[in-house]
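Data from data.cif: mmCIF, C-alpha atoms
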```cif
data_work
#
loop_
_atom_site.group_PDB
_atom_site.id
_atom_site.type_symbol
_atom_site.label_atom_id
_atom_site.label_comp_id
_atom_site.auth_asym_id
_atom_site.auth_seq_id
_atom_site.Cartn_x
_atom_site.Cartn_y
_atom_site.Cartn_z
ATOM 1 C CA MET A 1114 131.967 -91.545 95.902
ATOM 2 C CA LYS A 1115 131.836 -89.598 99.120
ATOM 3 C CA THR A 1116 133.936 -86.506 99.638
ATOM 4 C CA ILE A 1117 135.613 -86.655 103.034
ATOM 5 C CA THR A 1118 137.101 -83.677 104.847
ATOM 6 C CA PHE A 1119 139.923 -84.322 107.257
ATOM 7 C CA ASN A 1120 140.788 -82.108 110.197
ATOM 8 C CA LEU A 1121 144.259 -81.799 111.658
ATOM 9 C CA LEU A 1122 144.358 -81.142 115.385
ATOM 10 C CA ALA A 1123 146.612 -78.280 116.214
ATOM 11 C CA SER A 1124 148.360 -79.771 119.213
ATOM 12 C CA ALA A 1125 150.926 -82.559 119.053
ATOM 13 C CA PHE A 1126 153.581 -84.122 121.249
ATOM 14 C CA LEU A 1127 157.010 -84.878 119.850
ATOM 15 C CA LEU A 1128 159.191 -87.956 119.932
ATOM 16 C CA THR A 1129 162.630 -88.304 118.385
ATOM 17 C CA VAL A 1130 163.176 -91.265 116.069
ATOM 18 C CA ALA A 1131 166.222 -92.840 114.470
ATOM 19 C CA ASN A 1132 166.704 -90.195 111.808
ATOM 20 C CA GLY A 1133 166.830 -87.479 114.484
ATOM 21 C CA ALA A 1134 163.619 -85.762 113.420
ATOM 22 C CA PRO A 1135 160.632 -85.311 115.732
ATOM 23 C CA VAL A 1136 157.646 -87.581 115.212
ATOM 24 C CA GLU A 1137 154.257 -85.879 115.228
ATOM 25 C CA LEU A 1138 152.360 -87.663 118.006
ATOM 26 C CA SER A 1139 148.927 -86.265 117.340
ATOM 27 C CA MET A 1140 145.384 -87.399 116.678
ATOM 28 C CA ASP A 1141 145.935 -86.504 113.046
ATOM 29 C CA LYS A 1142 143.718 -88.428 110.637
ATOM 30 C CA GLY A 1143 145.757 -87.778 107.536
ATOM 31 C CA GLY A 1144 143.901 -88.925 104.456
ATOM 32 C CA CYS A 1145 144.099 -89.577 100.752
ATOM 33 C CA GLY A 1146 143.260 -86.970 98.124
ATOM 34 C CA THR A 1147 142.418 -89.462 95.370
ATOM 35 C CA SER A 1148 138.745 -89.167 94.498
ATOM 36 C CA ARG A 1149 136.169 -89.134 91.727
ATOM 37 C CA SER A 1150 132.506 -88.217 91.581
ATOM 38 C CA PRO A 1151 130.008 -91.102 91.315
ATOM 39 C CA ALA A 1152 129.121 -89.995 87.787
ATOM 40 C CA GLU A 1153 132.733 -89.997 86.613
ATOM 41 C CA THR A 1154 133.375 -93.338 88.297
ATOM 42 C CA ALA A 1155 130.403 -94.917 86.511
ATOM 43 C CA ALA A 1156 131.510 -93.519 83.155
ATOM 44 C CA ARG A 1157 135.104 -94.676 83.636
ATOM 45 C CA GLU A 1158 133.978 -98.155 84.662
ATOM 46 C CA ALA A 1159 131.829 -98.438 81.533
ATOM 47 C CA GLN A 1160 134.883 -97.479 79.475
ATOM 48 C CA PHE A 1161 136.956 -100.061 81.342
ATOM 49 C CA ARG A 1162 134.415 -102.834 80.744
ATOM 50 C CA ASP A 1163 134.432 -102.072 77.031
ATOM 51 C CA THR A 1164 138.227 -102.120 76.987
ATOM 52 C CA ILE A 1165 138.704 -105.435 78.781
ATOM 53 C CA SER A 1166 136.067 -107.082 76.616
ATOM 54 C CA SER A 1167 138.408 -106.638 73.656
ATOM 55 C CA SER A 1168 139.854 -109.949 72.516
ATOM 56 C CA HIS A 1169 143.483 -108.842 72.900
ATOM 57 C CA LEU A 1170 142.949 -108.356 76.642
ATOM 58 C CA LEU A 1171 141.230 -111.640 77.446
ATOM 59 C CA ALA A 1172 144.519 -113.146 78.583
ATOM 60 C CA VAL A 1173 145.526 -110.383 80.944
ATOM 61 C CA GLN A 1174 148.683 -111.669 82.560
ATOM 62 C CA ASP A 1175 150.731 -114.805 82.881
ATOM 63 C CA ASN A 1176 152.641 -115.670 86.038
ATOM 64 C CA SER A 1177 155.720 -113.610 85.202
ATOM 65 C CA THR A 1178 156.854 -110.657 87.295
ATOM 66 C CA ILE A 1179 156.252 -107.158 85.993
ATOM 67 C CA ASP A 1180 159.057 -104.907 87.207
ATOM 68 C CA ILE A 1181 157.823 -101.319 87.486
ATOM 69 C CA PRO A 1182 160.443 -98.600 86.921
ATOM 70 C CA VAL A 1183 160.152 -95.862 89.549
ATOM 71 C CA ALA A 1184 161.248 -92.291 88.906
ATOM 72 C CA PHE A 1185 161.454 -90.868 92.421
ATOM 73 C CA HIS A 1186 161.492 -87.071 92.753
ATOM 74 C CA VAL A 1187 162.608 -85.594 96.067
ATOM 75 C CA VAL A 1188 161.481 -81.954 96.253
ATOM 76 C CA TYR A 1189 162.909 -79.955 99.166
ATOM 77 C CA ASN A 1190 163.711 -76.429 100.362
ATOM 78 C CA GLY A 1191 166.667 -76.871 102.695
ATOM 79 C CA PRO A 1192 169.471 -79.170 103.842
ATOM 80 C CA ASN A 1193 167.649 -81.102 106.575
ATOM 81 C CA TYR A 1194 165.020 -83.805 106.882
ATOM 82 C CA ALA A 1195 162.465 -81.226 108.077
ATOM 83 C CA ASP A 1196 163.048 -79.409 104.782
ATOM 84 C CA GLY A 1197 162.026 -82.516 102.837
ATOM 85 C CA ASN A 1198 165.619 -83.500 102.079
ATOM 86 C CA ILE A 1199 165.043 -87.209 102.595
ATOM 87 C CA SER A 1200 167.937 -89.581 102.127
ATOM 88 C CA GLY A 1201 168.610 -92.253 99.564
ATOM 89 C CA VAL A 1202 168.223 -94.749 102.422
ATOM 90 C CA ASP A 1203 164.670 -93.514 102.960
ATOM 91 C CA VAL A 1204 163.863 -93.940 99.278
ATOM 92 C CA ALA A 1205 165.371 -97.442 99.205
ATOM 93 C CA ALA A 1206 163.342 -98.387 102.292
ATOM 94 C CA GLN A 1207 160.175 -97.251 100.526
ATOM 95 C CA ILE A 1208 160.953 -99.382 97.474
ATOM 96 C CA ASP A 1209 161.584 -102.347 99.775
ATOM 97 C CA ALA A 1210 158.237 -101.773 101.509
ATOM 98 C CA LEU A 1211 156.430 -101.675 98.167
ATOM 99 C CA ASN A 1212 157.970 -104.954 97.077
ATOM 100 C CA LYS A 1213 156.904 -106.566 100.332
ATOM 101 C CA HIS A 1214 153.364 -105.192 100.161
ATOM 102 C CA TYR A 1215 152.905 -106.185 96.496
ATOM 103 C CA SER A 1216 154.508 -109.620 96.869
ATOM 104 C CA ASN A 1217 151.251 -111.461 96.115
ATOM 105 C CA THR A 1218 150.709 -109.506 92.882
ATOM 106 C CA PRO A 1219 152.537 -109.630 89.535
ATOM 107 C CA PHE A 1220 154.154 -106.279 90.329
ATOM 108 C CA GLN A 1221 157.539 -105.445 91.786
ATOM 109 C CA PHE A 1222 159.357 -102.113 91.808
ATOM 110 C CA TYR A 1223 162.882 -100.857 91.205
ATOM 111 C CA LEU A 1224 164.411 -97.402 91.384
ATOM 112 C CA ALA A 1225 165.106 -96.361 87.786
ATOM 113 C CA ASN A 1226 165.972 -92.754 88.585
ATOM 114 C CA LEU A 1227 166.239 -90.464 91.605
ATOM 115 C CA THR A 1228 166.058 -86.697 91.172
ATOM 116 C CA ARG A 1229 166.521 -83.953 93.730
ATOM 117 C CA THR A 1230 164.948 -80.553 93.184
ATOM 118 C CA PHE A 1231 165.449 -77.521 95.402
ATOM 119 C CA ASN A 1232 162.288 -75.487 94.900
ATOM 120 C CA ASP A 1233 160.551 -73.753 97.793
ATOM 121 C CA ARG A 1234 157.273 -73.184 95.936
ATOM 122 C CA PHE A 1235 156.953 -76.750 94.685
ATOM 123 C CA PHE A 1236 157.862 -78.135 98.101
ATOM 124 C CA LYS A 1237 155.431 -76.032 100.107
ATOM 125 C CA PHE A 1238 152.510 -75.486 97.777
ATOM 126 C CA ALA A 1239 152.243 -78.294 95.205
ATOM 127 C CA THR A 1240 149.005 -80.159 95.812
ATOM 128 C CA LYS A 1241 146.277 -81.842 93.823
ATOM 129 C CA GLY A 1242 145.044 -79.837 90.876
ATOM 130 C CA ASN A 1243 146.881 -76.581 91.531
ATOM 131 C CA VAL A 1244 149.291 -74.711 89.294
ATOM 132 C CA ASN A 1245 152.325 -75.477 91.487
ATOM 133 C CA GLN A 1246 151.736 -79.205 91.060
ATOM 134 C CA ASP A 1247 151.284 -78.745 87.317
ATOM 135 C CA TYR A 1248 154.583 -76.865 86.961
ATOM 136 C CA MET A 1249 156.374 -79.394 89.183
ATOM 137 C CA LYS A 1250 155.209 -82.382 87.176
ATOM 138 C CA ALA A 1251 155.863 -80.657 83.862
ATOM 139 C CA ALA A 1252 159.450 -80.018 84.968
ATOM 140 C CA LEU A 1253 160.188 -83.403 86.514
ATOM 141 C CA ARG A 1254 158.021 -86.197 85.150
ATOM 142 C CA GLN A 1255 159.825 -88.972 83.260
ATOM 143 C CA GLY A 1256 158.914 -91.983 81.163
ATOM 144 C CA ASN A 1257 155.624 -93.240 79.781
ATOM 145 C CA GLU A 1258 152.420 -94.672 81.244
ATOM 146 C CA ALA A 1259 154.321 -97.699 82.559
ATOM 147 C CA THR A 1260 156.748 -95.526 84.566
ATOM 148 C CA LEU A 1261 155.706 -94.802 88.142
ATOM 149 C CA ASN A 1262 156.615 -91.234 89.072
ATOM 150 C CA ILE A 1263 156.611 -90.483 92.815
ATOM 151 C CA TYR A 1264 157.028 -86.954 94.186
ATOM 152 C CA THR A 1265 157.613 -86.031 97.835
ATOM 153 C CA VAL A 1266 156.547 -82.572 99.039
ATOM 154 C CA ALA A 1267 155.294 -80.851 102.221
ATOM 155 C CA PHE A 1268 151.584 -80.059 101.578
ATOM 156 C CA THR A 1269 151.912 -76.995 103.824
ATOM 157 C CA LYS A 1270 148.455 -75.786 102.793
ATOM 158 C CA SER A 1271 146.918 -79.255 103.212
ATOM 159 C CA LEU A 1272 148.609 -80.662 106.304
ATOM 160 C CA SER A 1273 146.037 -83.420 106.787
ATOM 161 C CA LEU A 1274 146.838 -84.832 103.348
ATOM 162 C CA ASN A 1275 149.069 -87.897 103.163
ATOM 163 C CA GLY A 1276 149.099 -88.246 99.393
ATOM 164 C CA TYR A 1277 147.151 -88.673 96.184
ATOM 165 C CA SER A 1278 147.416 -90.421 92.849
ATOM 166 C CA THR A 1279 146.100 -90.440 89.328
ATOM 167 C CA PHE A 1280 144.211 -93.395 87.835
ATOM 168 C CA PRO A 1281 145.521 -95.378 84.852
ATOM 169 C CA ASP A 1282 142.532 -94.585 82.644
ATOM 170 C CA ALA A 1283 143.338 -90.844 82.853
ATOM 171 C CA PHE A 1284 146.835 -91.074 81.386
ATOM 172 C CA ALA A 1285 145.805 -90.601 77.753
ATOM 173 C CA GLU A 1286 144.060 -87.316 78.552
ATOM 174 C CA LYS A 1287 146.863 -85.725 80.574
ATOM 175 C CA PRO A 1288 150.070 -87.771 80.527
ATOM 176 C CA VAL A 1289 152.146 -85.222 82.434
ATOM 177 C CA ASP A 1290 149.788 -85.444 85.431
ATOM 178 C CA ASP A 1291 150.299 -89.191 85.882
ATOM 179 C CA GLY A 1292 151.884 -90.312 89.144
ATOM 180 C CA VAL A 1293 151.792 -90.271 92.937
ATOM 181 C CA VAL A 1294 152.456 -87.311 95.247
ATOM 182 C CA LEU A 1295 153.256 -87.941 98.925
ATOM 183 C CA ILE A 1296 154.041 -85.880 101.968
ATOM 184 C CA TYR A 1297 157.675 -86.744 102.651
ATOM 185 C CA LYS A 1298 156.927 -87.714 106.259
ATOM 186 C CA VAL A 1299 155.111 -90.973 105.343
ATOM 187 C CA LEU A 1300 158.129 -92.852 104.044
ATOM 188 C CA PRO A 1301 159.510 -95.612 106.311
ATOM 189 C CA ASN A 1302 160.962 -94.181 109.547
ATOM 190 C CA GLY A 1303 159.352 -90.839 108.770
ATOM 191 C CA THR A 1304 157.733 -88.437 111.204
ATOM 192 C CA ARG A 1305 154.054 -88.934 110.350
ATOM 193 C CA SER A 1306 152.654 -90.698 113.414
ATOM 194 C CA ASN A 1307 150.865 -93.972 112.614
ATOM 195 C CA HIS A 1308 151.749 -93.595 108.937
ATOM 196 C CA ASN A 1309 155.508 -94.026 108.670
ATOM 197 C CA MET A 1310 155.967 -97.629 107.549
ATOM 198 C CA GLY A 1311 155.599 -97.082 103.806
ATOM 199 C CA ALA A 1312 151.946 -98.130 103.481
ATOM 200 C CA ILE A 1313 150.731 -94.720 102.293
ATOM 201 C CA ALA A 1314 152.735 -95.129 99.093
ATOM 202 C CA THR A 1315 151.328 -98.653 98.746
ATOM 203 C CA HIS A 1316 147.800 -97.243 99.062
ATOM 204 C CA GLU A 1317 148.351 -94.473 96.523
ATOM 205 C CA ILE A 1318 150.024 -96.836 94.064
ATOM 206 C CA GLY A 1319 146.964 -99.059 94.436
ATOM 207 C CA HIS A 1320 145.042 -96.146 92.895
ATOM 208 C CA TRP A 1321 147.743 -95.821 90.228
ATOM 209 C CA PHE A 1322 146.954 -99.443 89.348
ATOM 210 C CA GLY A 1323 143.212 -98.713 89.276
ATOM 211 C CA LEU A 1324 141.973 -99.651 92.753
ATOM 212 C CA TYR A 1325 139.404 -97.609 94.672
ATOM 213 C CA HIS A 1326 139.014 -97.247 98.428
ATOM 214 C CA THR A 1327 137.411 -100.191 100.213
ATOM 215 C CA PHE A 1328 134.766 -97.805 101.572
ATOM 216 C CA GLU A 1329 133.894 -96.525 98.087
ATOM 217 C CA GLY A 1330 130.143 -95.954 97.814
ATOM 218 C CA GLY A 1331 129.441 -97.066 101.371
ATOM 219 C CA CYS A 1332 127.356 -100.155 102.006
ATOM 220 C CA ASP A 1333 125.400 -100.203 98.743
ATOM 221 C CA GLY A 1334 126.020 -100.316 95.019
ATOM 222 C CA ASP A 1335 129.184 -101.389 93.249
ATOM 223 C CA GLY A 1336 131.510 -100.111 95.963
ATOM 224 C CA ASP A 1337 135.142 -100.512 94.916
ATOM 225 C CA TYR A 1338 134.251 -102.786 91.963
ATOM 226 C CA VAL A 1339 136.018 -105.702 93.641
ATOM 227 C CA ALA A 1340 133.805 -108.618 94.666
ATOM 228 C CA ASP A 1341 135.883 -109.995 97.526
ATOM 229 C CA THR A 1342 136.388 -106.818 99.599
ATOM 230 C CA PRO A 1343 133.544 -106.458 102.136
ATOM 231 C CA PRO A 1344 131.520 -103.235 101.953
ATOM 232 C CA GLU A 1345 132.367 -100.485 104.387
ATOM 233 C CA ALA A 1346 130.331 -97.399 105.286
ATOM 234 C CA GLU A 1347 133.274 -95.101 106.000
ATOM 235 C CA PRO A 1348 137.063 -95.116 106.310
ATOM 236 C CA ALA A 1349 138.683 -96.991 109.161
ATOM 237 C CA TRP A 1350 141.011 -95.062 111.473
ATOM 238 C CA GLY A 1351 143.470 -96.583 113.905
ATOM 239 C CA CYS A 1352 142.986 -100.343 114.115
ATOM 240 C CA VAL A 1353 139.496 -101.188 115.372
ATOM 241 C CA VAL A 1354 139.470 -104.975 115.020
ATOM 242 C CA GLY A 1355 136.017 -106.432 114.392
ATOM 243 C CA ARG A 1356 134.487 -103.146 113.250
ATOM 244 C CA ASP A 1357 131.424 -103.723 111.046
ATOM 245 C CA THR A 1358 129.775 -100.621 109.598
ATOM 246 C CA CYS A 1359 127.684 -102.465 107.004
ATOM 247 C CA THR A 1360 125.165 -104.850 108.582
ATOM 248 C CA ASN A 1361 123.780 -106.167 105.296
ATOM 249 C CA ASP A 1362 126.670 -108.617 104.943
ATOM 250 C CA THR A 1363 128.303 -111.228 107.157
ATOM 251 C CA PHE A 1364 131.864 -109.872 107.088
ATOM 252 C CA PRO A 1365 133.636 -107.294 109.244
ATOM 253 C CA ASP A 1366 135.106 -104.191 107.657
ATOM 254 C CA PRO A 1367 138.372 -104.717 105.718
ATOM 255 C CA ILE A 1368 140.390 -102.595 108.131
ATOM 256 C CA HIS A 1369 143.598 -104.523 107.366
ATOM 257 C CA ASN A 1370 143.393 -103.829 103.621
ATOM 258 C CA PHE A 1371 145.863 -101.386 102.072
ATOM 259 C CA MET A 1372 143.035 -99.480 100.391
ATOM 260 C CA ASP A 1373 141.493 -98.469 103.730
ATOM 261 C CA TYR A 1374 142.766 -95.663 106.020
ATOM 262 C CA SER A 1375 143.914 -97.674 109.036
ATOM 263 C CA ASP A 1376 147.284 -97.110 110.710
ATOM 264 C CA ASP A 1377 150.210 -98.520 108.761
ATOM 265 C CA SER A 1378 150.816 -101.159 111.437
ATOM 266 C CA CYS A 1379 147.227 -102.375 110.996
ATOM 267 C CA LEU A 1380 147.504 -102.931 107.237
ATOM 268 C CA THR A 1381 148.604 -106.533 107.426
ATOM 269 C CA ASP A 1382 146.440 -108.280 104.814
ATOM 270 C CA PRO A 1383 147.743 -108.928 101.305
ATOM 271 C CA PHE A 1384 145.747 -107.559 98.411
ATOM 272 C CA THR A 1385 142.718 -109.769 97.782
ATOM 273 C CA PRO A 1386 142.552 -111.977 94.662
ATOM 274 C CA GLY A 1387 139.901 -109.635 93.300
ATOM 275 C CA GLN A 1388 142.119 -106.601 93.819
ATOM 276 C CA VAL A 1389 145.040 -108.383 92.147
ATOM 277 C CA GLU A 1390 142.827 -109.262 89.195
ATOM 278 C CA ARG A 1391 141.581 -105.691 88.854
ATOM 279 C CA MET A 1392 145.096 -104.239 89.029
ATOM 280 C CA SER A 1393 146.255 -106.714 86.390
ATOM 281 C CA GLN A 1394 143.344 -105.875 84.094
ATOM 282 C CA GLN A 1395 143.808 -102.122 84.522
ATOM 283 C CA TRP A 1396 147.513 -102.542 83.845
ATOM 284 C CA ALA A 1397 146.801 -104.490 80.661
ATOM 285 C CA ALA A 1398 144.167 -102.016 79.499
ATOM 286 C CA PHE A 1399 145.935 -98.738 80.190
ATOM 287 C CA ARG A 1400 149.663 -99.137 80.941
ATOM 288 C CA ALA A 1401 151.158 -102.390 79.634
ATOM 289 C CA LYS A 1402 151.649 -101.400 75.997
ATOM 290 C CA SER A 1403 154.625 -99.156 76.839
ATOM 291 C CA TRP A 1404 156.255 -101.413 79.416
ATOM 292 C CA TYR A 1405 159.783 -102.768 78.933
ATOM 293 C CA PRO A 1406 161.294 -105.623 80.948
ATOM 294 C CA LYS A 1407 163.834 -104.563 83.543
ATOM 295 C CA GLY A 1408 167.224 -104.052 81.930
ATOM 296 C CA SER A 1409 165.805 -102.997 78.588
ATOM 297 C CA GLN A 1410 164.271 -99.673 79.655
ATOM 298 C CA PRO A 1411 164.992 -96.684 77.409
ATOM 299 C CA ALA A 1412 167.515 -94.187 78.728
ATOM 300 C CA PRO A 1413 166.112 -91.790 81.364
ATOM 301 C CA GLU A 1414 164.768 -88.541 79.969
ATOM 302 C CA THR A 1415 166.809 -86.490 82.413
ATOM 303 C CA ILE A 1416 170.144 -86.994 84.123
ATOM 304 C CA PRO A 1417 169.624 -88.126 87.733
ATOM 305 C CA ALA A 1418 170.804 -85.837 90.497
ATOM 306 C CA VAL A 1419 173.615 -87.007 92.717
ATOM 307 C CA ASP A 1420 172.328 -88.634 95.888
ATOM 308 C CA PRO A 1421 174.190 -87.455 99.018
#
```

Representation of the structure as C-alpha cells:
Amino acid sequence: MKTITFNLLASAFLLTVANGAPVELSMDKGGCGTSRSPAETAAREAQFRDTISSSHLLAVQDNSTIDIPVAFHVVYNGPNYADGNISGVDVAAQIDALNKHYSNTPFQFYLANLTRTFNDRFFKFATKGNVNQDYMKAALRQGNEATLNIYTVAFTKSLSLNGYSTFPDAFAEKPVDDGVVLIYKVLPNGTRSNHNMGAIATHEIGHWFGLYHTFEGGCDGDGDYVADTPPEAEPAWGCVVGRDTCTNDTFPDPIHNFMDYSDDSCLTDPFTPGQVERMSQQWAAFRAKSWYPKGSQPAPETIPAVDP
C-alpha cells in the first residue's frame, strides 16, 4: 500500500450555506487516514482466507437486512457549529445518507445512541494513533464489534484529513480502538468543500467493513482484493470522467466508487457485487457473532446525552 501525503492550501474563499457556517472553498484535497503496509495487508489477507474457508462461514449471508447500531459521538469545544457542536439534524442526515449509499448491500444503519462530549483536547487533537484519540475512545466507545462507533472531531493538527477507520480483523487485538473518526465538517450540509454530502462516512465505513481503497497497490498485484473494481494507479480527485491511469486493462478508473477519493457529488456508483461480497464475508468472519437484530440490542453502556 502506498503512503500518500496530502497538502492543504492555505488560502480559501468562503460561502455561507444553510446552517449559517462558512464553506471552505479551497483546492483542499482532504484524504483518508486508513492505511496498512503491504506486508501487514498480505498477512491479514492470509488470515482472512483461512477464516472464510472454515465450514461455518461458507454460507455468509442470506437476503435479510442487517441493521447496524450506530453509537454517534459528537465531540466539541463550544456552542456553535464551528466548535464542532453539530446538530441532531446533521447526525440524522448522515444516517440517511449511509442508508442510501448502502442500499445495494445487506447493511442498513440506525442511531442507537448519541453522545455529546465537551472536551477541548479531544476535539482539537484526537487523531489516528495518538494518546488523545486513545483517551477519547476509552471514555466514549460503546457496544461490541457489531456496534459502529462514529466520532466527530476537528483534526486541528491534520487539517487535510477527512477521516479514518479501523478494519474488522483488528477488533480482537484492540477492541476499544474500533470505529470511525471524522472531521465534523464532512457530514451532509457541512463546510468541507466538495466533501459535504455524507460520502466520507460511507468511505470510512467501507473500511470498517473490510474494504480497501480502489487504488490499493496501484496497477499491479492484488490491489483492493476485489475482482470487479478496475485497477487504479493513484487516487482520483475532483471528477475526471474517463480517467485511466492503468493501461494494462480495458476499463477506466473507478472514480465514481465510494472507495476512491473523488468529490462526494462524483461518487454515484453503488458498491460493486465484489465489494458487497467482501463486506459480507468480513462481517461474517469478524463482526457477526455479536450482532443482535434491531429491537433486541442490549441496553446502551452509557446514558445518552440530551440532544439540543

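Candidate residues A:Val1289, A:Ala1312, A:Val1183, A:Leu1380 were compared for distance to Gly1276 in chain A, and the nearest is A:Ala1312, using all atoms listed in the file.
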
If we count only C-alpha atoms, what is near Gln1207 in chain A at a cut-off of 9 Å, once residues fewer than 4 positions away on the same chain are taken out, given as a PyMOL selection string? chain A and resi 1202-1203+1211-1212+1300-1301+1310-1312+1314

Could you write those residues out with C-alpha atoms, as a short mmCIF file (atom, residue, chain, number, x, y, z; two decimals), in the coordinates of the input?
```cif
data_model
loop_
_atom_site.label_atom_id
_atom_site.label_comp_id
_atom_site.auth_asym_id
_atom_site.auth_seq_id
_atom_site.Cartn_x
_atom_site.Cartn_y
_atom_site.Cartn_z
CA VAL A 1202 168.22 -94.75 102.42
CA ASP A 1203 164.67 -93.51 102.96
CA LEU A 1211 156.43 -101.68 98.17
CA ASN A 1212 157.97 -104.95 97.08
CA LEU A 1300 158.13 -92.85 104.04
CA PRO A 1301 159.51 -95.61 106.31
CA MET A 1310 155.97 -97.63 107.55
CA GLY A 1311 155.60 -97.08 103.81
CA ALA A 1312 151.95 -98.13 103.48
CA ALA A 1314 152.74 -95.13 99.09
#
```

Restricting the calculation to only C-alpha atoms: of A:Asp1362, A:Tyr1189, A:Gly1330, A:Gly1256, which residue gets closest to Ala1152 in chain A? A:Gly1330

Please return, as a list in words, all polymer residues that have at least one atom within 12 Å of the point (152.3, -107.5, 110.0); use all atoms listed in the file and the file's own coordinate frame. Ala1210, Lys1213, His1214, Met1310, Ala1312, His1369, Asn1370, Phe1371, Asp1376, Asp1377, Ser1378, Cys1379, Leu1380, Thr1381, Asp1382 and Pro1383 of chain A

Non-local contacts of Phe1231 in chain A (9 Å; all atoms listed in the file; under 6 positions in same chain excluded) as a list in words: Val1187, Val1188, Tyr1189, Asn1190, Gly1191 and Asn1198 of chain A
